[in-house]
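Shown below: start-v4.csv, with CSV, C-alpha atoms (C1' of nucleotides).
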```csv
chain,number,residue,atom,x,y,z
A,29,MET,CA,20.5,-26.3,-18.5
A,30,LEU,CA,21.6,-27.7,-15.2
A,31,SER,CA,22.5,-31.4,-14.9
A,32,THR,CA,21.7,-31.5,-11.1
A,33,ASP,CA,18.2,-31.6,-9.7
A,34,LEU,CA,18.6,-28.2,-8.2
A,35,LEU,CA,16.7,-25.3,-9.7
A,36,THR,CA,17.9,-21.8,-10.4
A,37,VAL,CA,15.7,-18.8,-9.6
A,38,GLY,CA,14.8,-18.5,-13.2
A,39,GLU,CA,13.6,-22.0,-13.4
A,40,VAL,CA,11.6,-21.8,-10.2
A,41,ALA,CA,10.1,-18.5,-11.4
A,42,SER,CA,9.0,-19.8,-14.7
A,43,ARG,CA,7.7,-23.1,-13.3
A,44,SER,CA,5.9,-21.6,-10.4
A,45,GLY,CA,4.7,-18.4,-12.0
A,46,VAL,CA,6.1,-16.5,-9.1
A,47,ALA,CA,8.4,-13.7,-10.1
A,48,ALA,CA,12.1,-14.0,-9.2
A,49,SER,CA,11.8,-10.8,-7.2
A,50,ALA,CA,8.9,-12.3,-5.3
A,51,LEU,CA,11.1,-15.4,-4.6
A,52,ARG,CA,13.8,-13.2,-3.1
A,53,TYR,CA,11.1,-11.4,-1.1
A,54,TYR,CA,9.6,-14.6,0.2
A,55,GLU,CA,13.1,-15.8,1.2
A,56,ARG,CA,13.7,-12.6,3.2
A,57,LEU,CA,10.4,-13.2,5.0
A,58,GLY,CA,11.4,-16.7,5.8
A,59,LEU,CA,8.7,-18.4,3.7
A,60,ILE,CA,11.2,-20.3,1.5
A,61,ASP,CA,14.9,-20.9,1.5
A,62,ALA,CA,17.6,-21.9,-0.9
A,63,ALA,CA,21.1,-23.3,-1.0
A,64,ARG,CA,23.8,-21.3,-2.6
A,65,THR,CA,26.5,-22.1,-5.1
A,66,SER,CA,30.1,-21.2,-4.3
A,67,GLY,CA,29.5,-18.0,-6.3
A,68,GLY,CA,26.5,-17.1,-4.2
A,69,GLN,CA,23.7,-17.9,-6.6
A,70,ARG,CA,20.5,-19.5,-5.3
A,71,ARG,CA,19.8,-23.2,-5.9
A,72,TYR,CA,16.4,-24.4,-5.0
A,73,GLN,CA,15.3,-27.9,-4.1
A,74,ARG,CA,12.4,-29.1,-6.1
A,75,HIS,CA,10.2,-29.2,-3.1
A,76,VAL,CA,10.1,-25.4,-3.0
A,77,LEU,CA,7.6,-25.6,-5.8
A,78,ARG,CA,5.1,-27.4,-3.6
A,79,ARG,CA,5.7,-24.8,-1.0
A,80,LEU,CA,5.1,-22.0,-3.5
A,81,ALA,CA,1.8,-23.7,-4.5
A,82,PHE,CA,0.9,-23.8,-0.9
A,83,ILE,CA,1.7,-20.1,-0.5
A,84,ARG,CA,-0.3,-19.2,-3.5
A,85,ALA,CA,-3.2,-21.2,-2.3
A,86,ALA,CA,-3.1,-19.5,1.0
A,87,ARG,CA,-2.9,-16.1,-0.6
A,88,ASN,CA,-5.9,-16.9,-2.6
A,89,VAL,CA,-7.8,-17.8,0.5
A,90,GLY,CA,-6.9,-14.4,1.8
A,91,LEU,CA,-4.1,-15.1,4.2
A,92,SER,CA,-1.3,-12.6,4.6
A,93,LEU,CA,2.3,-13.7,4.1
A,94,ASP,CA,2.7,-13.4,7.9
A,95,GLU,CA,-0.1,-15.8,8.5
A,96,ILE,CA,1.2,-18.1,5.8
A,97,ARG,CA,4.6,-18.2,7.5
A,98,ALA,CA,2.8,-19.2,10.7
A,99,SER,CA,0.9,-21.9,8.8
A,100,LEU,CA,4.1,-23.2,7.2
A,101,ALA,CA,5.7,-23.3,10.6
A,102,GLN,CA,3.0,-25.6,11.8
A,103,LEU,CA,4.0,-28.2,9.3
A,104,PRO,CA,6.5,-30.2,11.2
A,105,GLU,CA,10.1,-29.6,10.1
A,106,GLY,CA,9.3,-28.6,6.6
A,107,ARG,CA,8.5,-32.3,5.9
A,108,THR,CA,6.0,-33.4,3.3
A,109,PRO,CA,2.7,-32.7,5.2
A,110,THR,CA,0.6,-35.5,6.3
A,111,LYS,CA,-3.1,-35.7,5.4
A,112,ALA,CA,-3.8,-34.7,9.0
A,113,ASP,CA,-1.7,-31.6,8.7
A,114,TRP,CA,-3.5,-30.6,5.6
A,115,THR,CA,-6.9,-31.2,7.0
A,116,ARG,CA,-6.1,-29.2,10.1
A,117,LEU,CA,-4.9,-26.2,8.0
A,118,SER,CA,-7.6,-26.4,5.5
A,119,ARG,CA,-10.3,-26.5,8.1
A,120,GLY,CA,-9.2,-23.0,9.2
A,121,TRP,CA,-9.1,-21.9,5.6
A,122,ARG,CA,-12.6,-23.2,5.0
A,123,ARG,CA,-14.0,-21.3,7.9
A,124,ARG,CA,-12.3,-18.2,6.6
A,125,LEU,CA,-13.8,-18.6,3.2
A,126,ASP,CA,-17.2,-19.3,4.7
A,127,ASP,CA,-17.1,-16.1,6.6
A,128,GLN,CA,-16.1,-14.1,3.6
A,129,ILE,CA,-18.9,-15.6,1.6
A,130,THR,CA,-21.4,-15.0,4.3
A,131,ALA,CA,-20.5,-11.4,4.6
A,132,LEU,CA,-20.7,-10.8,0.8
A,133,MET,CA,-24.0,-12.6,0.6
A,134,ALA,CA,-25.4,-10.5,3.4
A,135,LEU,CA,-24.2,-7.4,1.5
A,136,ARG,CA,-25.8,-8.6,-1.7
A,137,ASP,CA,-29.1,-9.3,0.0
A,138,GLY,CA,-28.9,-5.9,1.6
A,139,LEU,CA,-28.3,-4.4,-1.8
A,140,ASP,CA,-31.3,-6.2,-3.2
A,141,SER,CA,-33.6,-4.9,-0.4
A,142,CYS,CA,-32.2,-1.4,-1.0
A,143,ILE,CA,-33.2,-1.6,-4.6
A,144,GLY,CA,-36.6,-2.9,-3.7
A,145,CYS,CA,-37.3,-0.5,-1.0
A,146,GLY,CA,-35.8,2.4,-2.8
A,147,CYS,CA,-34.0,3.6,0.2
A,148,LEU,CA,-32.3,6.3,-1.8
A,149,SER,CA,-31.5,8.3,1.3
A,150,LEU,CA,-29.1,5.5,2.2
A,151,ARG,CA,-29.8,6.1,5.8
A,152,ARG,CA,-29.6,2.9,7.8
A,153,CYS,CA,-28.8,1.4,4.5
A,154,ALA,CA,-27.6,-2.2,4.8
A,155,ILE,CA,-25.0,-1.7,2.1
A,156,SER,CA,-23.6,1.5,3.6
A,157,ASN,CA,-23.7,0.1,7.2
A,158,PRO,CA,-23.6,-3.6,6.9
A,159,GLN,CA,-22.8,-4.4,10.5
A,160,ASP,CA,-21.0,-1.2,11.6
A,161,VAL,CA,-17.6,-2.6,10.7
A,162,ALA,CA,-17.0,0.2,8.3
A,163,ALA,CA,-15.2,2.6,10.5
A,164,ALA,CA,-12.8,0.2,12.1
A,165,GLY,CA,-9.1,-0.2,11.3
A,166,GLY,CA,-6.1,2.1,11.6
A,167,PRO,CA,-3.6,3.2,8.9
A,168,GLY,CA,-2.4,1.1,6.1
A,169,ALA,CA,-4.0,-0.4,3.0
A,170,ALA,CA,-7.7,-1.0,3.7
A,171,TYR,CA,-9.5,-3.4,1.4
A,172,LEU,CA,-12.7,-5.4,1.2
A,173,PRO,CA,-11.8,-8.5,3.2
A,174,LYS,CA,-10.6,-6.3,6.0
A,175,ARG,CA,-13.7,-4.3,6.2
A,176,LEU,CA,-16.1,-7.2,5.8
A,177,THR,CA,-14.5,-10.0,7.7
A,178,ALA,CA,-13.3,-7.7,10.6
A,179,ASP,CA,-11.3,-9.1,13.5
A,180,GLU,CA,-13.2,-11.5,15.7
A,181,GLY,CA,-12.9,-9.1,18.6
A,182,GLU,CA,-14.6,-6.4,16.6
A,183,LEU,CA,-17.5,-8.4,15.4
A,184,HIS,CA,-19.7,-7.8,18.4
A,185,LYS,CA,-18.9,-4.2,19.1
A,186,ALA,CA,-22.4,-3.3,18.1
A,187,GLU,CA,-22.1,0.4,18.1
A,188,SER,CA,-24.3,1.7,15.4
A,189,THR,CA,-22.6,4.0,12.9
A,190,ALA,CA,-25.8,4.7,10.9
A,191,ILE,CA,-25.6,8.2,9.4
A,192,ARG,CA,-28.2,10.7,10.6
A,193,VAL,CA,-29.3,12.7,7.6
B,5,MET,CA,-22.7,24.8,17.9
B,6,LEU,CA,-23.4,26.5,14.6
B,7,SER,CA,-26.7,28.2,14.1
B,8,THR,CA,-26.7,27.8,10.3
B,9,ASP,CA,-27.4,24.5,8.6
B,10,LEU,CA,-23.8,24.1,7.4
B,11,LEU,CA,-21.6,21.5,9.0
B,12,THR,CA,-18.1,21.7,10.2
B,13,VAL,CA,-15.6,19.0,9.4
B,14,GLY,CA,-15.8,17.8,13.0
B,15,GLU,CA,-19.6,17.5,12.8
B,16,VAL,CA,-19.5,15.7,9.5
B,17,ALA,CA,-16.8,13.4,10.8
B,18,SER,CA,-18.6,12.4,13.9
B,19,ARG,CA,-22.0,12.0,12.1
B,20,SER,CA,-20.6,10.1,9.2
B,21,GLY,CA,-18.0,8.1,11.0
B,22,VAL,CA,-15.5,9.2,8.3
B,23,ALA,CA,-12.4,10.7,9.8
B,24,ALA,CA,-11.7,14.3,9.2
B,25,SER,CA,-8.5,13.4,7.5
B,26,ALA,CA,-10.4,11.1,5.2
B,27,LEU,CA,-12.8,14.0,4.4
B,28,ARG,CA,-9.9,16.2,3.3
B,29,TYR,CA,-8.5,13.3,1.3
B,30,TYR,CA,-11.9,12.7,-0.5
B,31,GLU,CA,-12.1,16.4,-1.2
B,32,ARG,CA,-8.7,16.3,-2.9
B,33,LEU,CA,-9.8,13.4,-5.0
B,34,GLY,CA,-12.9,15.3,-6.0
B,35,LEU,CA,-15.4,12.9,-4.3
B,36,ILE,CA,-16.9,15.6,-2.1
B,37,ASP,CA,-16.6,19.4,-1.8
B,38,ALA,CA,-17.2,22.1,0.7
B,39,ALA,CA,-17.8,25.8,1.0
B,40,ARG,CA,-15.3,27.9,2.9
B,41,THR,CA,-15.8,30.5,5.6
B,42,SER,CA,-14.0,33.8,5.2
B,43,GLY,CA,-11.3,32.4,7.4
B,44,GLY,CA,-10.8,29.4,5.1
B,45,GLN,CA,-12.5,26.7,7.2
B,46,ARG,CA,-14.7,24.1,5.5
B,47,ARG,CA,-18.5,24.2,5.7
B,48,TYR,CA,-20.4,21.2,4.4
B,49,GLN,CA,-23.9,21.1,3.2
B,50,ARG,CA,-25.9,18.4,4.8
B,51,HIS,CA,-26.2,16.5,1.6
B,52,VAL,CA,-22.6,15.5,1.9
B,53,LEU,CA,-23.7,12.9,4.4
B,54,ARG,CA,-25.7,11.1,1.8
B,55,ARG,CA,-22.7,11.3,-0.5
B,56,LEU,CA,-20.5,9.8,2.2
B,57,ALA,CA,-23.0,7.0,2.8
B,58,PHE,CA,-22.9,6.3,-0.9
B,59,ILE,CA,-19.1,6.3,-0.9
B,60,ARG,CA,-19.0,3.9,2.0
B,61,ALA,CA,-21.5,1.6,0.5
B,62,ALA,CA,-19.5,1.5,-2.7
B,63,ARG,CA,-16.3,0.9,-0.8
B,64,ASN,CA,-18.0,-2.0,0.9
B,65,VAL,CA,-18.9,-3.5,-2.4
B,66,GLY,CA,-15.3,-3.2,-3.4
B,67,LEU,CA,-15.1,-0.2,-5.6
B,68,SER,CA,-12.0,1.9,-5.6
B,69,LEU,CA,-12.3,5.6,-4.9
B,70,ASP,CA,-11.6,6.2,-8.5
B,71,GLU,CA,-14.5,4.0,-9.6
B,72,ILE,CA,-16.6,5.7,-7.0
B,73,ARG,CA,-15.8,9.1,-8.4
B,74,ALA,CA,-16.9,7.8,-11.8
B,75,SER,CA,-20.1,6.5,-10.3
B,76,LEU,CA,-20.8,9.7,-8.6
B,77,ALA,CA,-20.2,11.6,-11.8
B,78,GLN,CA,-22.9,9.5,-13.4
B,79,LEU,CA,-25.4,10.9,-11.0
B,80,PRO,CA,-26.6,14.0,-12.9
B,81,GLU,CA,-25.3,17.3,-11.4
B,82,GLY,CA,-25.0,16.0,-7.9
B,83,ARG,CA,-28.7,16.1,-7.5
B,84,THR,CA,-30.7,13.7,-5.4
B,85,PRO,CA,-30.5,10.5,-7.4
B,86,THR,CA,-33.7,9.2,-8.9
B,87,LYS,CA,-34.7,5.6,-8.3
B,88,ALA,CA,-33.6,4.9,-11.9
B,89,ASP,CA,-30.1,6.2,-11.2
B,90,TRP,CA,-29.9,4.0,-8.1
B,91,THR,CA,-31.2,1.0,-9.9
B,92,ARG,CA,-28.7,1.4,-12.7
B,93,LEU,CA,-25.7,1.7,-10.3
B,94,SER,CA,-26.8,-1.0,-8.0
B,95,ARG,CA,-27.2,-3.4,-10.8
B,96,GLY,CA,-23.5,-3.1,-11.6
B,97,TRP,CA,-22.7,-3.5,-7.9
B,98,ARG,CA,-24.8,-6.6,-7.7
B,99,ARG,CA,-23.0,-8.1,-10.6
B,100,ARG,CA,-19.7,-7.4,-8.9
B,101,LEU,CA,-20.8,-9.0,-5.7
B,102,ASP,CA,-22.1,-12.0,-7.5
B,103,ASP,CA,-18.8,-12.4,-9.2
B,104,GLN,CA,-16.9,-12.2,-5.9
B,105,ILE,CA,-19.2,-14.7,-4.3
B,106,THR,CA,-19.0,-17.1,-7.2
B,107,ALA,CA,-15.2,-16.9,-7.1
B,108,LEU,CA,-15.1,-17.5,-3.4
B,109,MET,CA,-17.5,-20.4,-3.5
B,110,ALA,CA,-15.5,-22.0,-6.3
B,111,LEU,CA,-12.5,-21.7,-4.2
B,112,ARG,CA,-14.2,-23.2,-1.2
B,113,ASP,CA,-15.5,-26.1,-3.2
B,114,GLY,CA,-12.0,-26.6,-4.6
B,115,LEU,CA,-10.7,-26.7,-1.1
B,116,ASP,CA,-13.3,-29.3,-0.1
B,117,SER,CA,-12.3,-31.5,-2.9
B,118,CYS,CA,-8.7,-31.0,-2.0
B,119,ILE,CA,-9.4,-32.2,1.5
B,120,GLY,CA,-11.3,-35.1,0.2
B,121,CYS,CA,-8.9,-36.2,-2.5
B,122,GLY,CA,-5.9,-35.6,-0.3
B,123,CYS,CA,-4.1,-33.9,-3.1
B,124,LEU,CA,-1.3,-33.0,-0.8
B,125,SER,CA,1.1,-32.4,-3.7
B,126,LEU,CA,-1.0,-29.3,-4.5
B,127,ARG,CA,-0.2,-29.9,-8.1
B,128,ARG,CA,-3.1,-28.8,-10.3
B,129,CYS,CA,-4.7,-27.9,-7.0
B,130,ALA,CA,-7.9,-26.0,-7.4
B,131,ILE,CA,-7.0,-23.7,-4.5
B,132,SER,CA,-3.6,-23.0,-5.7
B,133,ASN,CA,-4.6,-22.5,-9.3
B,134,PRO,CA,-8.3,-21.5,-9.2
B,135,GLN,CA,-8.5,-20.3,-12.8
B,136,ASP,CA,-5.0,-19.2,-13.6
B,137,VAL,CA,-5.6,-15.6,-12.4
B,138,ALA,CA,-3.0,-15.9,-9.8
B,139,ALA,CA,0.0,-14.6,-11.6
B,140,ALA,CA,-1.7,-11.5,-13.1
B,141,GLY,CA,-1.2,-8.0,-11.8
B,142,GLY,CA,1.7,-5.6,-11.5
B,143,PRO,CA,3.1,-3.7,-8.5
B,144,GLY,CA,1.0,-2.3,-5.7
B,145,ALA,CA,-1.1,-3.8,-3.0
B,146,ALA,CA,-2.5,-7.1,-4.1
B,147,TYR,CA,-5.4,-8.6,-2.3
B,148,LEU,CA,-8.1,-11.2,-2.6
B,149,PRO,CA,-10.6,-9.4,-4.7
B,150,LYS,CA,-8.0,-8.4,-7.2
B,151,ARG,CA,-6.7,-11.9,-7.6
B,152,LEU,CA,-10.0,-13.6,-7.7
B,153,THR,CA,-12.2,-11.3,-9.5
B,154,ALA,CA,-9.6,-10.3,-12.1
B,155,ASP,CA,-10.2,-7.9,-14.9
B,156,GLU,CA,-12.8,-9.0,-17.4
B,157,GLY,CA,-10.1,-9.0,-20.0
B,158,GLU,CA,-8.1,-11.5,-18.1
B,159,LEU,CA,-10.8,-13.9,-17.3
B,160,HIS,CA,-10.5,-15.9,-20.5
B,161,LYS,CA,-6.8,-15.9,-20.9
B,162,ALA,CA,-6.8,-19.7,-20.2
B,163,GLU,CA,-3.1,-20.1,-20.0
B,164,SER,CA,-2.6,-22.8,-17.4
B,165,THR,CA,-0.2,-21.9,-14.6
B,166,ALA,CA,-0.3,-25.3,-12.9
B,167,ILE,CA,3.0,-26.0,-11.3
B,168,ARG,CA,4.9,-28.9,-12.6
B,169,VAL,CA,6.3,-30.7,-9.6
C,12,DC,C1',38.8,-18.0,-22.4
C,13,DT,C1',35.4,-15.1,-23.5
C,14,DG,C1',30.8,-13.0,-24.3
C,15,DG,C1',26.5,-12.3,-22.6
C,16,DG,C1',22.4,-14.0,-20.5
C,17,DA,C1',21.3,-15.0,-15.8
C,18,DG,C1',22.1,-14.0,-11.1
C,19,DT,C1',23.4,-10.9,-7.0
C,20,DT,C1',22.6,-7.0,-3.6
C,21,DG,C1',20.5,-3.0,-1.0
C,22,DA,C1',17.9,0.8,-1.6
C,23,DA,C1',14.2,3.0,-3.4
C,24,DG,C1',9.7,3.1,-5.8
C,25,DT,C1',4.6,1.7,-6.4
C,26,DC,C1',-0.2,1.5,-5.2
C,27,DA,C1',-4.4,2.7,-2.3
C,28,DG,C1',-6.3,4.8,1.2
C,29,DC,C1',-5.7,6.9,4.4
C,30,DT,C1',-3.2,8.9,9.1
C,31,DT,C1',0.1,11.7,11.5
C,32,DC,C1',2.9,15.7,12.2
C,33,DA,C1',4.4,20.4,12.8
C,34,DA,C1',3.4,24.8,12.8
C,35,DG,C1',0.4,27.9,12.5
C,36,DT,C1',-4.9,30.2,12.1
C,37,DC,C1',-10.0,30.6,13.2
C,38,DA,C1',-14.1,31.0,16.0
C,39,DA,C1',-16.8,31.6,19.7
C,40,DG,C1',-18.0,31.3,24.9
C,41,DG,C1',-16.9,33.8,29.0
D,3,DC,C1',-10.2,40.7,24.7
D,4,DC,C1',-8.7,36.2,25.6
D,5,DT,C1',-8.3,31.6,25.8
D,6,DT,C1',-8.9,27.2,24.0
D,7,DG,C1',-10.5,23.8,21.1
D,8,DA,C1',-11.4,23.2,16.4
D,9,DC,C1',-9.5,24.0,12.1
D,10,DT,C1',-5.8,24.8,8.2
D,11,DT,C1',-1.9,23.3,5.2
D,12,DG,C1',1.8,20.5,2.8
D,13,DA,C1',4.7,16.9,3.6
D,14,DA,C1',5.8,12.7,5.2
D,15,DG,C1',4.6,8.1,7.1
D,16,DC,C1',2.3,3.6,7.1
D,17,DT,C1',0.8,-1.2,5.5
D,18,DG,C1',1.5,-5.2,2.4
D,19,DA,C1',3.3,-7.4,-1.3
D,20,DC,C1',5.9,-6.7,-4.3
D,21,DT,C1',8.8,-4.5,-8.5
D,22,DT,C1',12.5,-1.7,-10.3
D,23,DC,C1',17.0,0.1,-10.4
D,24,DA,C1',22.0,0.5,-10.5
D,25,DA,C1',26.0,-1.6,-10.3
D,26,DC,C1',28.0,-5.3,-10.1
D,27,DT,C1',29.3,-10.8,-10.4
D,28,DC,C1',28.6,-15.7,-12.1
D,29,DC,C1',28.3,-19.4,-15.2
D,30,DC,C1',28.7,-22.0,-19.2
D,31,DA,C1',28.2,-22.7,-24.4
D,32,DG,C1',31.1,-22.1,-28.1
```
Rewrite the coordinates I just gave you, this time as structure tokens.
Amino acid sequence: MLSTDLLTVGEVASRSGVAASALRYYERLGLIDAARTSGGQRRYQRHVLRRLAFIRAARNVGLSLDEIRASLAQLPEGRTPTKADWTRLSRGWRRRLDDQITALMALRDGLDSCIGCGCLSLRRCAISNPQDVAAAGGPGAAYLPKRLTADEGELHKAESTAIRV
Amino acid sequence: MLSTDLLTVGEVASRSGVAASALRYYERLGLIDAARTSGGQRRYQRHVLRRLAFIRAARNVGLSLDEIRASLAQLPEGRTPTKADWTRLSRGWRRRLDDQITALMALRDGLDSCIGCGCLSLRRCAISNPQDVAAAGGPGAAYLPKRLTADEGELHKAESTAIRV
DNA sequence: CTGGGAGTTGAAGTCAGCTTCAAGTCAAGG
DNA sequence: CCTTGACTTGAAGCTGACTTCAACTCCCAG
């Protein structure tokens, strides 16, 4: 065990629940950083744990690592954030969560009405064509948030994609 | 334009909003199929459009293509589904949506309490450690649904991952 | 001073859900 | 018959967030 208050990767990994490989990855992306021993091994300051908690929280809210880096950059000088900082960031997060929840509830309600109305043909189905965001997006991993929360710019495109059967 | 009632890839693509490349991909995965002309070109029956609507609906609910194939397989013989079929499937979908919504609302409420209590340290933070599902999962694209809706098996693991700061 | 667990690196692999490419073939209007 | 746009294929690429691998090097308890 180390006598200093610096942490090794292994310690950070086990304390934070973030895999060592992920720590290296985060470091490459500039989300965290570490001092080095003369031999080149990483030594983390304890405050990295808070940073990791922040990162995980943001990931849970649905932010990409890129967005998280941007958020972290807004916290002045990597200092312990003030309550104002936190409030500002979390307001954005809250809006994001609200949007996701709204979209999912709309989908659920659509599903309910589909069950009720027996729209087996699925044409103009609210589940199949929630708000014509379905066909958007280029290459890369496509997943629920991306399809439902769509970019702000796309939200009002209003070109119906309802399938003609 | 074709005189028969069979559709070309282009027609299916433009009518369904699903890209031709995606249609080929779905075919490889066994989600849809097509007849062939003597020259080897695909000719789709019109009922493929309903199938595609179904697929898109399921994707919107958050099902993977693998799960969708399983769902489609439950519809007897690719026949027009009965209302009972649809009800059965959509009940599962609804549960899924409910779970996602619940998880997101819990997260939002946690966020609110974080703002209120000013838990800037983020230790034991409800956003950072919603219900210790954060550290689960192996390689591959990780995204919100996967981290929040976790596999049923994982839901009651109850091993706290709260970061000790 | 030594053994071995812990750490280092860059490169490559993984997963899902597609898209893009190159190089060729088909189909149908004129 | 010819042109031209639509279609075919397999292979490779892409995105994001990592993990895994191979081949080392470091650090420290005994």
Next on the checklist: as a ChimeraX atom specification, could you give me every residue of chain C near chain A (at most 12 Å apart, counting all atoms listed in the file)?
Outcome noted: /C:16-20,26-31
Checklist entry - Around (14.2, 5.3, -3.0) in the file's frame, which residues reach within 12 Å when counting all atoms listed in the file? Return as a PyMOL selection string? => result (chain C and resi 21-25) or (chain D and resi 22-24)
Checklist entry - Can you tell me how far CA of Lys111 in chain A sits from CA of Arg79 in chain A, in Å to one decimal? => result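 Between CA of Lys111 in chain A and CA of Arg79 in chain A the gap works out to 15.4 Å.
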Within 7 Å of chain B, which residues of chain D show up? Give each one with its shortest atom-to-atom distance in Å (one decimal) and the two atoms involved, counting all atoms listed in the file, rows by chain then rising residue number, as a tab-separated table.
```
residue	atom	partner	partner_atom	distance
D:DC9	C1'	B:Gln45	CA	6.3
D:DG18	C1'	B:Ala145	CA	6.2
D:DA19	C1'	B:Ala145	CA	5.9
D:DC20	C1'	B:Pro143	CA	5.9
D:DT21	C1'	B:Pro143	CA	5.8
```
Checklist entry - Pick from A:Ser118, A:Ser99, A:Gln73, A:Ser66: nearest to chain B, with all atoms listed in the file counted? => result A:Ser118
Which residues come within 12 Å of DG7 in chain D, counting all atoms listed in the file, excluding same-chain residues fewer than 3 positions away, as a PDB file with C-alpha atoms (C1' of nucleotides), in the coordinates of the input?
```
ATOM      1  CA  GLY B  14     -15.800  17.800  13.000  1.00  0.00           C
TER       2      GLY B  14
ATOM      3  C1'  DC C  37     -10.000  30.600  13.200  1.00  0.00           C
ATOM      4  C1'  DA C  38     -14.100  31.000  16.000  1.00  0.00           C
ATOM      5  C1'  DA C  39     -16.800  31.600  19.700  1.00  0.00           C
ATOM      6  C1'  DG C  40     -18.000  31.300  24.900  1.00  0.00           C
TER       7       DG C  40
END
```
Checklist entry - Smallest atom-to-atom distance to Asp9 in chain B: which of B:Leu79, B:Tyr48, B:Phe58, B:Pro85, using all atoms listed in the file? => result B:Tyr48
Checklist entry - Taking into account all atoms listed in the file, which residue in the set A:Ala101, A:Ala85, A:Leu35, A:Leu139 is nearest to chain B? => result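 Of A:Ala101, A:Ala85, A:Leu35, A:Leu139, the one nearest chain B, counting all atoms listed in the file, is A:Ala85.
The interatomic distance for the pair CA of Arg73 in chain B and CA of Tyr29 in chain B works out to 12.8 Å.
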Next on the checklist: Calculated over all atoms listed in the file, which of the candidates A:Ser49, A:Arg84, A:Arg56, A:Ser92 has the smallest distance to chain B?
Outcome noted: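 For chain B, the nearest of the given residues is A:Arg84.
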Checklist entry - In Å, with one decimal, what is the gap from CA of Trp90 in chain B to CA of Leu56 in chain B? => result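 Separation between CA of Trp90 in chain B and CA of Leu56 in chain B: 15.1 Å.
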Checklist entry - Closest to chain B among A:Gly58, A:Gly90, A:Gly138, A:Gly120, using only C-alpha atoms? => result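 Once distances to chain B are computed over only C-alpha atoms, the minimum belongs to A:Gly90.
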Next on the checklist: I'd like the neighbourhood of DG41 in chain C as a list in words, where a residue qualifies if any of its atoms comes within 12 Å (using all atoms listed in the file), though same-chain residues fewer than 4 positions away should be ignored.
Outcome noted: DC3, DC4, DT5 and DT6 of chain D
Checklist entry - Which protein, DNA or RNA residues have an atom at most 12 Å from (-19.0, 17.6, -2.8), counting all atoms listed in the file? List them as a VMD selection string. => result chain B and resid 27 to 28 30 to 39 46 to 56 59 73 76 to 77 81 to 83
Item to check | Pick from A:Gln102, A:Ser42, A:Asn88, A:Ser141 nearest to chain B, counting all atoms listed in the file | outcome: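 Smallest separation from chain B among the options: A:Asn88.
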